[in-house]
Amino acid sequence: MNSNLHNARRRFLSSAGFGIGNTALGSLLGNRAEARGTPAAANLMAARAPHHLARARRVIYLFQGGGPSQLDLFDPKPMLRKFDGKPAPADRVRNQRFAFIKPNAAIFASPFAFKKHGKSGAEFSEAMPHLAKVADNIAIVRSMVTDAFNHAPGQLLMNTGAMQFGRPSMGAWVTYGLGSEASNLPAYVVLSSGGGTSAGSANWGAGFLPSYHQGVPFRRTGDPILYLSNPPGVSGTMQRESLDAIGDLNRERLDLTGDPEIATRTASFETAFRMQTSAPEMMDISKESPETLALYGAKPGQSSYANNCLLARRLIERGVRFVQLNHETWDHHSQVVQGIKDSCEATDRANAALIQDLQRTGLLDETLVIWGGEFGRTPMAEHNPDAGRTMGRDHQPSAFTMWLAGGGIKPGLTLGATDELGFHAVEDRVHVHDLHATVLHLLGLDHLKLTHRHQGRDFRLTDVHGELVTKLFT
Amino acid sequence: MSQFNKSILVLGVLLTTGGVARAGEDADLASQVGAILRQRCASCHGEEKHKGKLRLDNAAAIDEASRRMQLVVAGAPDKSVLLQRIALPADDVDVMPPEGDPLPSVQVALFRRWIALGAKLTEFDEPKHVSTRVEEKLPLVSAAEPRLLEKLKEMGAVVTPVARDVSLLDVGFPENPGRITDAELAVVVRLAERIRRLDLSRTAITQNGLRLVASLPNLHTLHLRGTAINEDALPVIMKMAALRRINIAETTLSPSAIQSIAKQRPELAVWGSIRQ
């Protein structure tokens with residue numbers, strides 16, 4: 001790719017001064033320009049061949065910010081009852097550091113009942129009755145490990161592969177590797193519910209990659225993207241006519257100078273125009289059948305995790321490469337039981353509905369769904385009267401649970417195990433870097449080859465780490 | 001690992017005296033020795049050629065040759081044929097490798113330490129890096145005509161090679177698929193044997209169009225979600241010999257029809273259910 005063109009394009013975007021975010025537009029430029037046969041208008045976001053045959057073509061990433069308690073959802077530990085209310089065994093917590101509690105804090109057995117579900121016999125707590133119904137469609141990884149025990153570094157590591165700011169997010173790497181099939185929607189869309197994420201927009205940033213790889217956050221209320229609606233007094237016809245007039249002038253100039261940037265500019269106006277119709281159409285979930293809306297628990301006109309799950313399906317079926325949902329409600333330092341109940345109330349039905357809907361439409365075959373937070377939570381209780389915290393759980397990087405489904409993932413699998421008290425992943429440990437390598441692999445990308453030169457060295461999503469978790473593959 | 005880091009490590013190895021391995025050194029050495037052998041020796045002593053009836057690209061072969069011809073004598077570098085041959089002066093006719101630069105002295109020292117410490121083969125083999133591209137032999141096809149590709153793009157098709165350096169194609173219509181009829185499909189099938197994946201979801205193709213699709217010999221994945229195909233599609237689909245995945249969701253095909261596909265073609269993954 002020609003970096004001068006990028007720069008020129010970005011200069012244009014920053015100086016053009018119309019309302020759509022530069023990123024939104026930047027990520028839309030490519031396809032249209034090439035489709036129009038414009039000379040040398042580098043097709044920045046055109047779909048590109050993967051390194052090897054892909055099993056998944058797109059990703060729906062359900063990021064659960066805060067760190068869901070695996071002990072109350074996916075990883076039953078009956079042994080904890082034996083120690084309930086007593087200090088944690090010293091040999092289990094030796095050399096461990098915790099964010100808020102002391103290693104000798106009292107053990108807290110989960111009050112949630114667990115049951116096996118489906119033909120696979122995968123175990124779920126009663127807090128996720130809906131997800132339990134798709135037990136045979138998803139793969140649960142109980143042996144996730146990470147390096148960080150605080151939110152911002154943990155989220156950065158999970159989302160960008162490094163605990164420092166400045167690295168590209170997983171979604172940015174994916175669009176960098178594969179481009180996008182959608183030319184009238186962004187390649188990488190971010191939908192949020194719950195609180196703001198600790199690591200903020202870095203969770204979907206482009207880092208040192210060209211900024212058009214950055215995720216485009218859609219707004220929760222009103223227009224999904226600002227200024228898609230014309231200002232009062234400007235009709236569609238008026239807008240079309242002005243674009244045509246500008247286009248005519250630009251074409252004259254293009255004939256005269258042959259400057260491809262002029263063609264690019266014309267194309268970008270056209271793409272923005274097209275997005276004015278495509279984005280509102282995509283966001284309008286009232287077109288879905290009442291059954292589908294009920295399945296997700298989605299309500300037109302509201303902003304919710306359920307609506308976002310349904311939107312995710314609508315986005316990927318229109319060719320969007322990477323959809324990231326952020327739902328940060330899982331940081332249960334206090335009253336973890338009620339916290340789990342509330343968070344599941346908001347998400348459980350929609351998670352299961354998404355899997356069922358993707359299964360029903362066959363989209364699941366080529367869509368990779370990833371669910372998880374930045375770390376797990378401790379088997380010990382967090383009590384801190386000064387902070388008003390009681391019966392909570394602290395951060396735990398040494399063992400947590402994620403689940404995956406779809407494109408190339410073995411359905412019904414429960415991978416890995418933690419020790420009998422749930423402190424450490426002991427079997428089939430999957431580090432965050434391994435997860436990243438595996439996700440890229442399923443998309444047809446080799447994490448060793450997907451590099452970008454920056455500050456004199458080649459960077460990867462997996463830095464110098466990452467082993468494929470082949471047991472997860474079908 | 002970068003060349004620089006390797007050098008640092010090798011320097012560390014050279015400075016370590018005595019015959020006791022540091023923690024993790026055995027595996028470290030073996031993986032480095034393995035990497036060098038695969039890089040510099042396996043073109044003659046590997047999967048394709050085995051000059052001197054010798055392979056140096058995997059742990060099992062090293063083990064076998066060591067029993068047979070003292071390739072590597074654990075603990076005795078000077079008795080090991082491998083070290084003898086790579087340590088010869090560059091102008092010796094017997095030096096290995098015979099072509100290209102001789103192995104740098106740091107690498108020779110690495111082999112020496114590896115053998116001195118017992119020539120352990122743990123992690124000698126290449127880290128298992130599964131690539132579907134290797135697992136599946138793809139048919140070789142010629143590249144598509146640029147003019148045809150241009151025409152398809154104008155029609156709104158997104159055409160992408162299924163992998164880098166491969167001419168097999170993935171063809172779909174993510175935007176406004178409703179515009180695509182049998183007429184457009186007739187242009188698509190001119191790509192013939194190059195099409196591996198064809199996504200016709202929500203297009204306006206008919207049963208006649210589907211017959212055109214049956215002529216694609218390398219079609220592996222076909223999406224017919226939300227199209228007007230009906231039971232007449234079954235015999236046509238059955239004829240698609242290379243087909244391995246099909247999506248017939250949101251069509252009028254009945255569950256029993258879907259089951260009959262699944263029964264007759266067990267290798268074919270069928271996705272979809274009746275229109276809701």
# chains A, B, ... in the order shown; residues from 1 in each chain; ligands from 1
>>> residues_around(residues="A:Thr329", least_positions_apart="3", cutoff="9 Å", atoms="only C-alpha atoms", output="list in words")
Gln64, Gly65, Gly66, Gly67, Pro68, Ser193, Gly194, Gly195, His332, Gly339, Asp342 and Ser343 of chain A
>>> interface_residues(of="chain A", to="chain B", cutoff="10 Å", atoms="only C-alpha atoms", output="ChimeraX atom specification")
/A:31-32,34-37,46-55,178,180-185,278,289,291-292,316-320,358-365,441-442,444-446,464,467-470
>>> residues_around(residues="A:Ala88", least_positions_apart="2", cutoff="10 Å", atoms="only C-alpha atoms", output="PyMOL selection string")
chain A and resi 80+83-86+90-93+102-108+379-381+421+423
>>> write_last_selection(atoms="C-alpha atoms", output="tab-separated table (two decimals), in the first residue's frame")
chain	number	residue	atom	x	y	z
A	80	LEU	CA	-14.87	-24.58	48.11
A	83	PHE	CA	-13.36	-24.22	53.19
A	84	ASP	CA	-16.24	-21.77	53.06
A	85	GLY	CA	-15.59	-18.88	55.45
A	86	LYS	CA	-12.07	-20.09	56.31
A	90	ALA	CA	-1.55	-20.95	52.15
A	91	ASP	CA	0.02	-23.15	49.46
A	92	ARG	CA	-2.59	-22.04	46.93
A	93	VAL	CA	-2.09	-18.35	47.36
A	102	LYS	CA	-5.10	-10.23	51.25
A	103	PRO	CA	-4.05	-13.79	50.38
A	104	ASN	CA	-5.56	-15.07	53.64
A	105	ALA	CA	-9.05	-13.76	52.87
A	106	ALA	CA	-11.89	-16.19	53.55
A	107	ILE	CA	-13.00	-18.67	50.90
A	108	PHE	CA	-16.43	-17.95	49.40
A	379	PRO	CA	-12.42	-17.98	45.22
A	380	MET	CA	-12.03	-15.74	48.27
A	381	ALA	CA	-14.55	-13.15	49.32
A	421	LEU	CA	-10.36	-24.66	44.51
A	423	PHE	CA	-7.17	-20.62	41.89
>>> closest_residue(among="B:Ala90, B:Ala119, B:Leu243, B:Ile237", to="B:Leu219", atoms="only C-alpha atoms")
B:Leu243
>>> residues_around(residues="A:Ala399", least_positions_apart="3", cutoff="8 Å", atoms="only C-alpha atoms", output="short mmCIF file (atom, residue, chain, number, x, y, z; two decimals) with N, CA, C and O atoms, in the first residue's frame")
data_model
loop_
_atom_site.label_atom_id
_atom_site.label_comp_id
_atom_site.auth_asym_id
_atom_site.auth_seq_id
_atom_site.Cartn_x
_atom_site.Cartn_y
_atom_site.Cartn_z
N ARG A 142 -12.15 -23.20 30.22
CA ARG A 142 -12.09 -22.91 31.66
C ARG A 142 -10.69 -22.55 32.12
O ARG A 142 -10.48 -22.27 33.29
N SER A 143 -9.74 -22.62 31.20
CA SER A 143 -8.33 -22.52 31.61
C SER A 143 -7.65 -21.28 31.03
O SER A 143 -6.49 -21.32 30.67
N MET A 144 -8.41 -20.19 30.93
CA MET A 144 -7.80 -18.95 30.45
C MET A 144 -6.88 -18.37 31.54
O MET A 144 -7.19 -18.44 32.73
N VAL A 145 -5.75 -17.82 31.10
CA VAL A 145 -4.88 -17.09 32.03
C VAL A 145 -4.45 -15.78 31.38
O VAL A 145 -4.35 -15.67 30.15
N THR A 146 -4.20 -14.78 32.22
CA THR A 146 -3.72 -13.51 31.71
C THR A 146 -2.61 -13.01 32.63
O THR A 146 -2.28 -13.66 33.62
N PHE A 375 -10.30 -10.77 32.94
CA PHE A 375 -9.78 -11.78 33.87
C PHE A 375 -10.95 -12.37 34.63
O PHE A 375 -12.11 -12.07 34.32
N GLY A 376 -10.64 -13.25 35.60
CA GLY A 376 -11.71 -13.87 36.37
C GLY A 376 -11.76 -13.29 37.77
O GLY A 376 -11.27 -12.19 38.02
N GLN A 396 -8.91 -11.96 39.47
CA GLN A 396 -8.02 -13.13 39.42
C GLN A 396 -7.52 -13.38 37.99
O GLN A 396 -8.30 -13.79 37.13
N THR A 418 -9.29 -26.10 36.11
CA THR A 418 -8.58 -25.37 37.16
C THR A 418 -8.38 -26.32 38.34
O THR A 418 -8.99 -27.39 38.39
N GLY A 422 -10.07 -23.70 42.30
CA GLY A 422 -10.30 -22.68 41.27
C GLY A 422 -9.32 -21.52 41.26
O GLY A 422 -9.62 -20.46 40.71
N PHE A 423 -8.14 -21.71 41.86
CA PHE A 423 -7.17 -20.62 41.89
C PHE A 423 -6.37 -20.51 40.59
O PHE A 423 -6.06 -19.43 40.14
N HIS A 424 -6.01 -21.68 40.05
CA HIS A 424 -5.12 -21.67 38.90
C HIS A 424 -5.64 -22.58 37.79
O HIS A 424 -6.19 -23.64 38.09
N ALA A 425 -5.42 -22.17 36.55
CA ALA A 425 -5.67 -23.07 35.43
C ALA A 425 -4.53 -24.09 35.44
O ALA A 425 -3.35 -23.70 35.48
#
>>> closest_residue(among="A:Ala199, A:Ala387, A:Leu472, A:Leu131", to="A:Asn159", atoms="only C-alpha atoms")
A:Ala199
>>> select_by_dssp(residues="stretch 205-383 of chain A", states="strand (DSSP E)", output="PyMOL selection string")
chain A and resi 216-217+322-328+367-372+376-383
>>> select_by_dssp(residues="stretch 63-173 of chain A", states="helix (DSSP H, G or I)", output="number ranges by chain")
A: 70-72, 79-83, 90-93, 131-137, 151-160, 170-173
>>> closest_residue(among="A:Pro280, A:Lys115, A:Gln455, A:Ile140", to="A:Phe400", atoms="only C-alpha atoms")
A:Ile140
>>> residues_around(residues="A:Gln214", least_positions_apart="6", cutoff="7 Å", atoms="only C-alpha atoms", output="short mmCIF file (atom, residue, chain, number, x, y, z; two decimals) with N, CA and C atoms, in the first residue's frame")
data_model
loop_
_atom_site.label_atom_id
_atom_site.label_comp_id
_atom_site.auth_asym_id
_atom_site.auth_seq_id
_atom_site.Cartn_x
_atom_site.Cartn_y
_atom_site.Cartn_z
N THR A 23 -12.85 8.44 11.03
CA THR A 23 -12.64 7.00 10.99
C THR A 23 -13.75 6.30 10.25
N ALA A 172 -8.74 -4.35 14.76
CA ALA A 172 -7.93 -3.57 13.81
C ALA A 172 -6.97 -4.50 13.06
N TRP A 204 -10.59 -0.67 21.13
CA TRP A 204 -10.93 -0.88 19.72
C TRP A 204 -10.12 0.06 18.82
N GLY A 205 -8.98 0.50 19.34
CA GLY A 205 -8.16 1.45 18.60
C GLY A 205 -7.34 0.80 17.50
N ALA A 206 -6.71 1.65 16.69
CA ALA A 206 -5.87 1.15 15.60
C ALA A 206 -4.39 1.17 15.98
#
